[in-house]
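Next comes query.cif, a file with mmCIF, C-alpha atoms and all ligand atoms.
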data_upload
#
loop_
_atom_site.label_atom_id
_atom_site.label_comp_id
_atom_site.auth_asym_id
_atom_site.auth_seq_id
_atom_site.Cartn_x
_atom_site.Cartn_y
_atom_site.Cartn_z
CA MET A 163 0.00 0.00 0.00
CA LEU A 164 1.28 3.49 -0.83
CA ASN A 165 1.63 6.20 1.83
CA PHE A 166 -1.32 8.55 2.09
CA GLU A 167 -3.04 11.37 3.95
CA PHE A 168 -6.80 11.51 4.13
CA LYS A 169 -9.04 14.35 5.18
CA ASN A 170 -12.56 14.92 3.94
CA PRO A 171 -14.26 17.78 5.79
CA THR A 172 -17.68 17.61 4.07
CA LYS A 173 -20.54 16.83 6.44
CA ILE A 174 -23.10 14.51 4.84
CA ILE A 175 -26.73 14.72 5.88
CA PHE A 176 -28.44 11.72 4.32
CA GLY A 177 -32.05 10.65 4.08
CA LYS A 178 -35.68 11.31 3.35
CA GLY A 179 -36.93 14.74 4.37
CA GLU A 180 -33.52 16.05 5.43
CA ILE A 181 -33.44 19.13 3.14
CA LYS A 182 -35.01 21.15 5.95
CA LYS A 183 -31.73 20.87 7.90
CA VAL A 184 -30.15 23.46 5.57
CA SER A 185 -31.27 26.10 8.06
CA LYS A 186 -29.25 24.58 10.91
CA GLU A 187 -26.00 24.33 8.95
CA ILE A 188 -25.69 27.78 7.34
CA PRO A 189 -24.16 30.39 9.66
CA THR A 190 -26.65 32.87 11.14
CA GLY A 191 -26.61 36.21 9.37
CA ALA A 192 -25.22 34.78 6.12
CA LYS A 193 -26.23 36.43 2.85
CA VAL A 194 -27.02 33.34 0.80
CA LEU A 195 -26.93 32.93 -2.98
CA VAL A 196 -28.92 29.85 -4.09
CA LEU A 197 -27.67 28.58 -7.46
CA TYR A 198 -29.41 26.07 -9.67
CA GLY A 199 -29.83 24.84 -13.24
CA ALA A 200 -32.60 25.02 -15.78
CA GLY A 201 -35.42 24.60 -13.31
CA SER A 202 -36.00 20.89 -12.63
CA ILE A 203 -35.93 21.84 -8.93
CA LYS A 204 -39.05 23.97 -9.41
CA ALA A 205 -40.97 21.09 -11.00
CA ASN A 206 -40.03 18.47 -8.39
CA GLY A 207 -40.55 20.47 -5.21
CA VAL A 208 -36.88 20.69 -4.16
CA TYR A 209 -36.86 24.47 -4.69
CA ASP A 210 -39.81 24.92 -2.34
CA GLN A 211 -38.17 22.77 0.33
CA VAL A 212 -34.92 24.75 0.10
CA MET A 213 -36.66 28.14 0.20
CA GLU A 214 -38.78 27.06 3.15
CA ALA A 215 -35.63 26.02 5.00
CA LEU A 216 -33.93 29.34 4.21
CA LYS A 217 -36.67 31.49 5.76
CA GLY A 218 -35.00 34.03 8.01
CA PHE A 219 -31.87 34.34 5.84
CA GLU A 220 -31.26 37.04 3.29
CA VAL A 221 -31.52 35.03 0.07
CA LEU A 222 -30.64 35.76 -3.57
CA GLU A 223 -30.99 33.39 -6.52
CA PHE A 224 -29.03 32.62 -9.67
CA SER A 225 -30.55 30.16 -12.13
CA GLY A 226 -29.55 28.80 -15.51
CA ILE A 227 -26.26 27.02 -14.84
CA PRO A 228 -26.24 24.61 -17.79
CA ALA A 229 -25.12 20.97 -17.91
CA ASN A 230 -21.33 21.13 -18.38
CA PRO A 231 -21.17 24.42 -16.46
CA GLU A 232 -20.31 27.22 -18.82
CA TYR A 233 -17.67 29.82 -17.97
CA GLU A 234 -19.58 32.75 -19.50
CA VAL A 235 -22.68 32.00 -17.42
CA LEU A 236 -20.61 31.58 -14.27
CA MET A 237 -18.97 34.94 -14.86
CA GLN A 238 -22.45 36.50 -14.64
CA ALA A 239 -22.96 34.78 -11.30
CA LEU A 240 -19.56 36.02 -10.12
CA LYS A 241 -20.72 39.59 -10.77
CA VAL A 242 -23.78 39.02 -8.57
CA ILE A 243 -21.59 37.60 -5.80
CA LYS A 244 -19.29 40.64 -5.89
CA ASP A 245 -21.97 43.32 -6.38
CA GLU A 246 -24.19 41.88 -3.66
CA LYS A 247 -21.39 40.89 -1.27
CA VAL A 248 -22.71 37.34 -0.96
CA THR A 249 -21.18 35.46 2.00
CA TYR A 250 -22.46 31.90 1.40
CA MET A 251 -23.49 29.85 -1.65
CA LEU A 252 -25.90 26.95 -1.80
CA ALA A 253 -25.71 24.76 -4.93
CA VAL A 254 -28.98 22.94 -5.60
CA GLY A 255 -28.47 20.48 -8.44
CA GLY A 256 -26.26 17.82 -9.96
CA GLY A 257 -22.55 17.83 -10.71
CA SER A 258 -22.82 20.76 -13.10
CA VAL A 259 -24.36 23.14 -10.59
CA ILE A 260 -22.07 22.00 -7.77
CA ASP A 261 -18.97 22.27 -9.99
CA GLY A 262 -20.08 25.71 -11.15
CA VAL A 263 -20.36 26.81 -7.53
CA LYS A 264 -16.90 25.44 -6.78
CA PHE A 265 -15.50 27.58 -9.59
CA LEU A 266 -17.32 30.58 -8.12
CA SER A 267 -16.01 29.77 -4.65
CA ALA A 268 -12.47 29.93 -6.03
CA ALA A 269 -13.06 32.88 -8.38
CA ALA A 270 -14.72 35.02 -5.68
CA LEU A 271 -11.48 35.12 -3.67
CA TYR A 272 -9.05 35.01 -6.62
CA ASP A 273 -7.01 38.17 -7.05
CA GLY A 274 -5.63 37.54 -10.56
CA ASP A 275 -7.11 39.24 -13.66
CA GLN A 276 -8.74 36.29 -15.40
CA PRO A 277 -10.50 33.59 -13.37
CA TRP A 278 -10.06 31.27 -16.39
CA ASP A 279 -6.37 31.14 -15.39
CA ILE A 280 -7.40 29.07 -12.37
CA LEU A 281 -8.14 26.30 -14.90
CA THR A 282 -5.39 26.79 -17.46
CA GLN A 283 -2.63 27.38 -14.90
CA ASN A 284 -3.73 24.65 -12.48
CA ILE A 285 -4.09 27.09 -9.57
CA ARG A 286 -5.06 25.12 -6.47
CA THR A 287 -7.64 26.79 -4.27
CA GLU A 288 -6.58 26.69 -0.62
CA LYS A 289 -9.47 28.84 0.57
CA GLY A 290 -12.73 29.62 -1.21
CA LEU A 291 -16.00 31.41 -0.48
CA PRO A 292 -17.96 29.00 1.77
CA PHE A 293 -20.61 26.89 0.07
CA ALA A 294 -22.75 23.80 0.52
CA SER A 295 -24.93 21.63 -1.70
CA VAL A 296 -28.32 19.98 -1.93
CA LEU A 297 -27.68 17.12 -4.36
CA THR A 298 -30.40 16.36 -6.91
CA LEU A 299 -28.56 13.93 -9.20
CA PRO A 300 -26.26 11.17 -7.93
CA ALA A 301 -23.36 10.66 -10.36
CA THR A 302 -20.23 12.75 -9.99
CA GLY A 303 -19.42 12.67 -6.27
CA SER A 304 -18.92 16.45 -6.50
CA GLU A 305 -21.04 16.78 -3.35
CA MET A 306 -18.20 15.29 -1.28
CA ASN A 307 -15.02 16.12 -3.15
CA SER A 308 -12.97 19.19 -3.96
CA GLY A 309 -12.78 18.94 -7.75
CA ALA A 310 -14.72 20.68 -10.52
CA VAL A 311 -14.80 20.59 -14.30
CA ILE A 312 -15.67 23.78 -16.20
CA THR A 313 -16.52 24.20 -19.88
CA ARG A 314 -15.79 27.14 -22.16
CA LYS A 315 -17.77 26.96 -25.39
CA GLU A 316 -15.88 29.84 -26.98
CA THR A 317 -12.68 27.77 -27.08
CA GLN A 318 -14.25 24.28 -26.97
CA GLU A 319 -12.38 23.51 -23.76
CA LYS A 320 -13.36 21.52 -20.69
CA LEU A 321 -10.82 21.72 -17.88
CA ALA A 322 -10.55 20.53 -14.30
CA MET A 323 -9.67 22.47 -11.15
CA GLY A 324 -9.66 21.88 -7.41
CA GLY A 325 -7.92 22.28 -4.09
CA PRO A 326 -8.53 21.70 -0.38
CA GLY A 327 -10.58 24.90 -0.14
CA LEU A 328 -13.26 23.51 -2.45
CA PHE A 329 -14.99 20.84 -0.38
CA PRO A 330 -18.64 21.69 0.26
CA GLU A 331 -19.10 22.50 3.99
CA PHE A 332 -22.08 20.16 3.99
CA SER A 333 -24.17 18.28 1.45
CA ILE A 334 -27.72 17.07 1.82
CA LEU A 335 -28.49 13.77 0.11
CA ASP A 336 -32.20 13.01 0.05
CA PRO A 337 -32.77 9.92 -2.16
CA GLU A 338 -36.33 11.07 -2.82
CA VAL A 339 -34.99 13.65 -5.30
CA ILE A 340 -34.21 10.74 -7.62
CA LYS A 341 -37.92 10.20 -8.40
CA SER A 342 -37.97 12.99 -10.98
CA ILE A 343 -34.66 12.24 -12.74
CA PRO A 344 -35.13 11.30 -16.42
CA LYS A 345 -33.91 7.83 -17.44
CA ARG A 346 -31.08 9.24 -19.55
CA GLN A 347 -29.61 11.00 -16.52
CA LEU A 348 -30.02 7.97 -14.24
CA VAL A 349 -28.13 5.85 -16.75
CA ASN A 350 -25.46 8.53 -16.93
CA GLY A 351 -25.19 8.53 -13.15
CA VAL A 352 -24.64 4.77 -12.90
CA THR A 353 -22.07 4.86 -15.72
CA ASP A 354 -20.15 7.85 -14.34
CA ALA A 355 -19.92 6.43 -10.81
CA PHE A 356 -18.96 3.00 -12.17
CA THR A 357 -16.15 4.52 -14.22
CA HIS A 358 -14.96 6.61 -11.26
CA VAL A 359 -14.34 3.39 -9.38
CA LEU A 360 -12.59 1.84 -12.39
CA GLU A 361 -10.26 4.84 -12.73
CA GLN A 362 -9.07 4.29 -9.14
CA TYR A 363 -8.92 0.50 -9.34
CA MET A 364 -7.97 -0.65 -12.84
CA THR A 365 -4.24 -0.12 -12.53
CA TYR A 366 -1.87 -2.71 -11.01
CA PRO A 367 -1.96 -4.61 -7.71
CA ALA A 368 -0.67 -2.37 -4.90
CA GLY A 369 -1.32 -4.63 -1.91
CA ALA A 370 -4.21 -2.44 -0.75
CA HIS A 371 -6.72 -5.15 0.05
CA LEU A 372 -9.29 -3.03 1.82
CA GLN A 373 -9.32 -0.33 -0.89
CA ASP A 374 -9.74 -3.05 -3.55
CA ARG A 375 -12.69 -4.50 -1.69
CA PHE A 376 -14.26 -1.07 -1.09
CA ALA A 377 -13.99 -0.47 -4.85
CA GLU A 378 -15.37 -3.89 -5.76
CA SER A 379 -18.28 -3.50 -3.36
CA ILE A 380 -19.25 -0.16 -4.91
CA LEU A 381 -19.15 -1.75 -8.38
CA GLN A 382 -21.24 -4.70 -7.20
CA THR A 383 -23.77 -2.41 -5.55
CA LEU A 384 -24.08 -0.30 -8.71
CA ILE A 385 -24.59 -3.45 -10.82
CA GLU A 386 -27.28 -4.57 -8.37
CA VAL A 387 -29.20 -1.34 -7.79
CA GLY A 388 -28.48 0.55 -11.04
CA PRO A 389 -31.01 -1.38 -13.17
CA LYS A 390 -33.57 -1.21 -10.34
CA VAL A 391 -33.37 2.53 -9.99
CA ILE A 392 -33.46 3.03 -13.78
CA GLU A 393 -36.59 0.85 -13.92
CA ASN A 394 -38.24 2.50 -10.91
CA PRO A 395 -36.68 5.70 -9.54
CA GLY A 396 -39.28 5.65 -6.78
CA ASP A 397 -37.76 2.48 -5.25
CA TYR A 398 -36.38 4.18 -2.12
CA GLU A 399 -34.06 1.38 -1.09
CA ALA A 400 -32.47 1.18 -4.54
CA ALA A 401 -32.31 4.99 -4.78
CA ALA A 402 -30.62 5.33 -1.38
CA ASN A 403 -27.99 2.71 -2.22
CA PHE A 404 -27.42 4.24 -5.65
CA MET A 405 -26.97 7.71 -4.16
CA TRP A 406 -24.50 6.64 -1.48
CA SER A 407 -22.54 4.50 -3.97
CA CYS A 408 -22.07 7.49 -6.27
CA THR A 409 -20.79 9.62 -3.39
CA MET A 410 -18.46 6.91 -2.11
CA ALA A 411 -17.11 6.33 -5.62
CA LEU A 412 -15.45 9.74 -5.67
CA ASN A 413 -15.06 11.17 -2.20
CA GLY A 414 -11.37 10.31 -2.02
CA LEU A 415 -11.59 7.21 0.18
CA ILE A 416 -11.00 4.46 -2.38
CA GLN A 417 -8.07 6.24 -4.03
CA LYS A 418 -6.00 6.42 -0.87
CA GLY A 419 -2.90 4.21 -0.87
CA VAL A 420 -3.40 3.06 -4.47
CA PRO A 421 -2.24 4.24 -7.91
CA THR A 422 -4.94 5.92 -10.01
CA ASP A 423 -5.40 6.29 -13.74
CA TRP A 424 -7.90 9.03 -14.80
CA ALA A 425 -6.87 8.86 -18.49
CA VAL A 426 -10.40 7.78 -19.47
CA HIS A 427 -11.73 11.03 -18.00
CA ALA A 428 -9.01 13.12 -19.63
CA MET A 429 -9.93 11.74 -23.07
CA GLY A 430 -13.67 11.74 -22.34
CA HIS A 431 -13.69 15.43 -21.39
CA GLU A 432 -12.38 16.24 -24.88
CA LEU A 433 -15.31 14.41 -26.48
CA THR A 434 -17.73 16.53 -24.44
CA ALA A 435 -15.82 19.69 -25.34
CA LEU A 436 -15.79 18.83 -29.06
CA PHE A 437 -19.19 17.19 -29.54
CA GLY A 438 -21.27 17.99 -26.45
CA ILE A 439 -21.69 14.27 -25.65
CA ASP A 440 -22.90 13.65 -22.06
CA HIS A 441 -19.94 13.19 -19.71
CA ALA A 442 -20.81 9.62 -18.67
CA ARG A 443 -21.27 8.49 -22.27
CA THR A 444 -17.83 9.73 -23.24
CA LEU A 445 -16.42 7.41 -20.56
CA ALA A 446 -18.31 4.42 -21.95
CA ILE A 447 -16.88 5.25 -25.39
CA ILE A 448 -13.26 5.42 -24.19
CA ALA A 449 -12.99 2.91 -21.32
CA PRO A 450 -13.21 -0.40 -23.25
CA SER A 451 -10.57 0.71 -25.79
CA HIS A 452 -8.37 2.10 -23.02
CA TYR A 453 -8.41 -1.25 -21.20
CA ARG A 454 -7.78 -3.20 -24.41
CA TYR A 455 -4.91 -0.92 -25.43
CA ASN A 456 -3.28 -1.11 -21.98
CA PHE A 457 -4.10 -4.79 -21.51
CA GLU A 458 -0.65 -6.02 -20.47
CA ALA A 459 -0.24 -3.31 -17.81
CA LYS A 460 -3.73 -3.77 -16.38
CA LYS A 461 -4.54 -7.45 -16.85
CA GLU A 462 -3.99 -8.55 -13.27
CA LYS A 463 -6.51 -6.03 -11.94
CA LEU A 464 -8.83 -6.68 -14.90
CA ALA A 465 -8.81 -10.37 -14.00
CA GLN A 466 -9.35 -9.67 -10.28
CA TYR A 467 -12.33 -7.48 -11.25
CA GLY A 468 -13.61 -10.20 -13.61
CA GLN A 469 -13.43 -12.80 -10.86
CA ARG A 470 -14.70 -10.82 -7.90
CA VAL A 471 -17.21 -8.47 -9.50
CA TRP A 472 -18.53 -10.48 -12.46
CA GLY A 473 -17.93 -13.96 -11.06
CA ILE A 474 -15.91 -15.14 -14.09
CA THR A 475 -13.89 -18.11 -12.89
CA SER A 476 -12.81 -20.19 -15.85
CA GLY A 477 -9.85 -19.57 -18.11
CA SER A 478 -6.42 -18.01 -17.86
CA ILE A 479 -5.70 -14.54 -16.45
CA ASP A 480 -5.81 -13.23 -20.02
CA ASP A 481 -9.14 -14.94 -20.74
CA ILE A 482 -10.75 -13.59 -17.57
CA ALA A 483 -9.37 -10.09 -18.13
CA ASN A 484 -10.71 -10.06 -21.70
CA ALA A 485 -14.09 -11.37 -20.57
CA ALA A 486 -14.18 -8.64 -17.89
CA ILE A 487 -13.82 -5.91 -20.52
CA ALA A 488 -16.59 -7.51 -22.57
CA ARG A 489 -18.87 -7.73 -19.49
CA THR A 490 -18.25 -4.05 -18.78
CA GLU A 491 -19.28 -3.16 -22.32
CA ASP A 492 -22.35 -5.42 -22.03
CA PHE A 493 -23.29 -3.61 -18.80
CA PHE A 494 -23.16 -0.24 -20.57
CA HIS A 495 -25.15 -1.65 -23.51
CA SER A 496 -27.75 -3.13 -21.12
CA MET A 497 -28.47 0.45 -20.02
CA GLU A 498 -28.75 1.54 -23.67
CA ILE A 499 -25.43 3.37 -23.64
CA ASN A 500 -23.62 3.30 -26.97
CA THR A 501 -19.89 2.65 -26.76
CA ALA A 502 -18.66 3.83 -30.18
CA LEU A 503 -17.99 7.47 -31.03
CA SER A 504 -19.51 6.99 -34.49
CA GLU A 505 -22.85 6.23 -32.81
CA TYR A 506 -22.88 9.80 -31.45
CA THR A 507 -21.52 11.82 -34.38
CA ASP A 508 -20.77 11.43 -38.09
CA ASP A 509 -18.02 13.98 -37.76
CA TYR A 510 -15.52 11.80 -35.90
CA GLU A 511 -12.69 11.58 -38.48
CA GLY A 512 -9.61 13.40 -37.20
CA THR A 513 -10.80 13.47 -33.57
CA ALA A 514 -7.94 11.28 -32.33
CA GLN A 515 -5.31 13.53 -33.91
CA LYS A 516 -7.04 16.65 -32.58
CA ILE A 517 -7.11 15.33 -29.01
CA SER A 518 -3.54 14.11 -29.14
CA LYS A 519 -2.42 17.52 -30.44
CA ARG A 520 -4.25 19.30 -27.62
CA PHE A 521 -2.61 17.07 -25.02
CA THR A 522 0.82 17.77 -26.52
CA GLU A 523 0.18 21.52 -26.47
CA ARG A 524 -0.93 21.37 -22.84
CA GLY A 525 2.14 19.38 -21.89
CA TRP A 526 0.06 16.32 -20.97
CA LEU A 527 2.78 13.98 -22.14
CA GLY A 528 2.40 11.12 -19.69
CA LEU A 529 -1.03 10.09 -18.40
CA GLY A 530 -2.21 7.04 -16.49
CA GLU A 531 -0.97 5.22 -13.41
CA HIS A 532 2.57 4.95 -14.79
CA LYS A 533 2.55 8.50 -16.24
CA THR A 534 3.67 6.95 -19.54
CA LEU A 535 0.57 7.19 -21.73
CA SER A 536 1.78 9.57 -24.43
CA PRO A 537 -0.25 11.72 -26.83
CA SER A 538 0.43 9.14 -29.54
CA ASP A 539 -1.03 6.39 -27.29
CA VAL A 540 -4.02 8.66 -26.69
CA GLU A 541 -4.44 9.01 -30.44
CA LYS A 542 -4.55 5.24 -30.88
CA ILE A 543 -7.03 4.74 -28.03
CA VAL A 544 -9.40 7.40 -29.35
CA GLU A 545 -9.12 5.87 -32.83
CA MET A 546 -10.01 2.44 -31.41
CA SER A 547 -13.13 4.08 -29.93
CA TYR A 548 -14.55 5.31 -33.29
O1 LIG B 601 -30.56 22.00 -15.12
P1 LIG B 601 -31.41 21.21 -14.21
O2 LIG B 601 -32.81 21.68 -14.16
O3 LIG B 601 -30.80 21.07 -12.84
O4 LIG B 601 -31.55 19.72 -14.84
C1 LIG B 601 -30.51 18.78 -14.78
C2 LIG B 601 -29.72 18.64 -16.07
O5 LIG B 601 -30.54 18.88 -17.19
C3 LIG B 601 -31.12 17.40 -14.63
N1 LIG B 601 -31.47 17.05 -13.24
C4 LIG B 601 -30.65 17.10 -12.15
N2 LIG B 601 -31.32 16.66 -11.06
C5 LIG B 601 -32.58 16.36 -11.47
C6 LIG B 601 -32.67 16.62 -12.85
N3 LIG B 601 -33.82 16.45 -13.55
C7 LIG B 601 -34.89 15.99 -12.86
N4 LIG B 601 -34.87 15.71 -11.52
C8 LIG B 601 -33.74 15.87 -10.80
N5 LIG B 601 -33.71 15.55 -9.50
O6 LIG B 601 -30.12 16.52 -15.11
C9 LIG B 601 -29.36 17.16 -16.14
C10 LIG B 601 -27.89 16.88 -15.96
O7 LIG B 601 -27.40 17.49 -14.79
P2 LIG B 601 -25.82 17.61 -14.54
O8 LIG B 601 -25.64 18.30 -13.25
O9 LIG B 601 -25.17 18.16 -15.75
O10 LIG B 601 -25.37 16.08 -14.44
P3 LIG B 601 -24.21 15.40 -13.65
O11 LIG B 601 -24.49 15.35 -12.20
O12 LIG B 601 -23.97 14.13 -14.36
O13 LIG B 601 -22.94 16.37 -13.81
C11 LIG B 601 -22.13 16.34 -14.95
C12 LIG B 601 -20.99 17.35 -14.82
O14 LIG B 601 -20.11 17.02 -13.73
C13 LIG B 601 -18.77 16.88 -14.21
C14 LIG B 601 -18.98 16.48 -15.64
O15 LIG B 601 -17.82 16.67 -16.42
C15 LIG B 601 -20.13 17.35 -16.08
O16 LIG B 601 -19.69 18.65 -16.39
N6 LIG B 601 -17.99 15.98 -13.36
C16 LIG B 601 -17.65 16.41 -12.13
C17 LIG B 601 -16.85 15.67 -11.28
C18 LIG B 601 -16.46 16.16 -9.93
N7 LIG B 601 -16.75 17.40 -9.59
O17 LIG B 601 -15.87 15.44 -9.17
C19 LIG B 601 -16.33 14.36 -11.68
C20 LIG B 601 -16.98 13.80 -12.88
O18 LIG B 601 -16.11 12.87 -13.46
C21 LIG B 601 -17.41 14.78 -13.90
O19 LIG B 601 -16.33 15.14 -14.75
ZN ZN B 602 -16.89 11.26 -14.26
#

Since I need it in another form, could you write the structure as structure tokens?
Amino acid sequence: MLNFEFKNPTKIIFGKGEIKKVSKEIPTGAKVLVLYGAGSIKANGVYDQVMEALKGFEVLEFSGIPANPEYEVLMQALKVIKDEKVTYMLAVGGGSVIDGVKFLSAAALYDGDQPWDILTQNIRTEKGLPFASVLTLPATGSEMNSGAVITRKETQEKLAMGGPGLFPEFSILDPEVIKSIPKRQLVNGVTDAFTHVLEQYMTYPAGAHLQDRFAESILQTLIEVGPKVIENPGDYEAAANFMWSCTMALNGLIQKGVPTDWAVHAMGHELTALFGIDHARTLAIIAPSHYRYNFEAKKEKLAQYGQRVWGITSGSIDDIANAAIARTEDFFHSMEINTALSEYTDDYEGTAQKISKRFTERGWLGLGEHKTLSPSDVEKIVEMSY
């Protein structure tokens, strides 16, 4: 097991009817900006619950943060924060709204000229404007981690940022919010969380037995409850297990003491930036090719996953590892997720070269757990995903 430090300061308040506790967690006298997306929270009653809980606070609102939170829109919110001297932000939404609020948390206290530099220059945020979240879509784990991914349409970029100052102070996870989530987003949530676990697990054996079993148990739980929740989002037991699995998949715990990969996400983000494909679907496009391309380096963990998660017992290590990749693809297909880029766009020719060129320009010359995946490897993997 590798050395590690672990601190996650986000308080989780989990369960049915818990949104009302917002009032107890926000400091008295705070001037609160509530931020949300296109308005699903108004249709499903979450907005009313939040506003009821915020009675007694001075409250402002900012709506319209789009999926794949857009820099230009966030800059409008930043103006409100500065003009109105907001002291606390409450993100009510999925990963996009929470990530957008993380960017704002950093940008509000940033003293450089261009907040976009936080993303392009990898500026870690040690201290941000305080914020919390009410999660409406389990998927990203953003509610309990300190990372964010921001999109800029103008330049077709999608870049990550983070830092210890960007953990939500608290997050409320009420599984009843899942009832109103459209099937497409539920499927995305299962796929994103599943791939988060794979990114922190599908590397090489590191003698971290407990982390491996945490990871495997999250995968098994998602395989068990994912189809149930997609079939019936009102199934509270399935919804609760789905929600907690998504949070646990990316709150930092399972990556401690083990090598991590994250190349699937790096390539996937480019597909969203270039084609607007949903984040989770970009992962399903890239992951199978990534595991096939890096088969020799990853086959021991692939086989362990095949045995323990999918119950594949017969054959050699190579056979089981290959079958495990196929089962993963079948799982995505069973949720009606396409795994070839050409099924999403006709305009895919040249994508691999474009992505590899971007990585070279950014100096991303060695990705993956061994930091050896070069832009030319990336080109081949993306090409295999057409
Ligand atoms: O705009 P609203 O009205 O909120 O509607 C949203 C949106 O259209 C809707 N929705 C959310 N909760 C709902 C609901 N509809 C009905 N009922 C509800 N309860 O779902 C749509 C998608 O929402 P979005 O927040 O975009 O989805 P998700 O949570 O999958 O977030 C995706 C974003 O997170 C980033 C992705 O790159 C992408 O930009 N990620 C963030 C990570 C992190 N911070 O750690 C890690 C991930 O790997 C990922 O990169
Ligand atoms: Zn993801």

- [ ] List all protein, DNA and RNA residues that have an atom no more than 8 Å from any atom of ligand ZN 602 (chain B), counting all atoms listed in the file, and report them as JSON, numbers by chain.
- [x] {"A": [301, 302, 354, 355, 357, 358, 427, 441, 442, 445]}

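With distances taken over all atoms listed in the file, A:Leu197 is the one residue among A:Met237, A:Leu222, A:Ile482, A:Leu197 lying closest to ligand LIG 601 (chain B).
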
Pull the closest atom pair for each residue of range 341-376 of chain A that gets at most 9 Å from range 496-517 of chain A, along with the distance in Å to one decimal, counting all atoms listed in the file, ordering rows by chain and then ascending residue number, as a Markdown table.
| residue | atom | partner | partner_atom | distance |
| --- | --- | --- | --- | --- |
| A:Val349 | CA | A:Met497 | CA | 6.3 |
| A:Asn350 | CA | A:Ile499 | CA | 8.5 |
| A:Thr353 | CA | A:Ile499 | CA | 8.7 |

TODO: Rank nothing, just name the residue among A:Ile334, A:Ala268, A:Leu436, A:Val259 nearest to Val184 in chain A, using all atoms listed in the file.
DONE: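 Ranked by minimum distance to Val184 in chain A, first place goes to A:Ile334.
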
Task: Within 6 Å of ligand LIG 601 (chain B) (all atoms listed in the file), residues as number ranges by chain - done: A: 199-202, 228-231, 255-259, 261, 298-299, 301-304, 309-311, 339-340, 342-344, 347, 351, 441

Task: Proximity to Gly388 in chain A - best of A:Pro367, A:Gly473, A:Pro300, A:Gly438, all atoms listed in the file - done: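 So, comparing all the options, the nearest one is A:Pro300.
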
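One finds CA of Leu348 in chain A at 22.3 Å from CA of Met429 in chain A.
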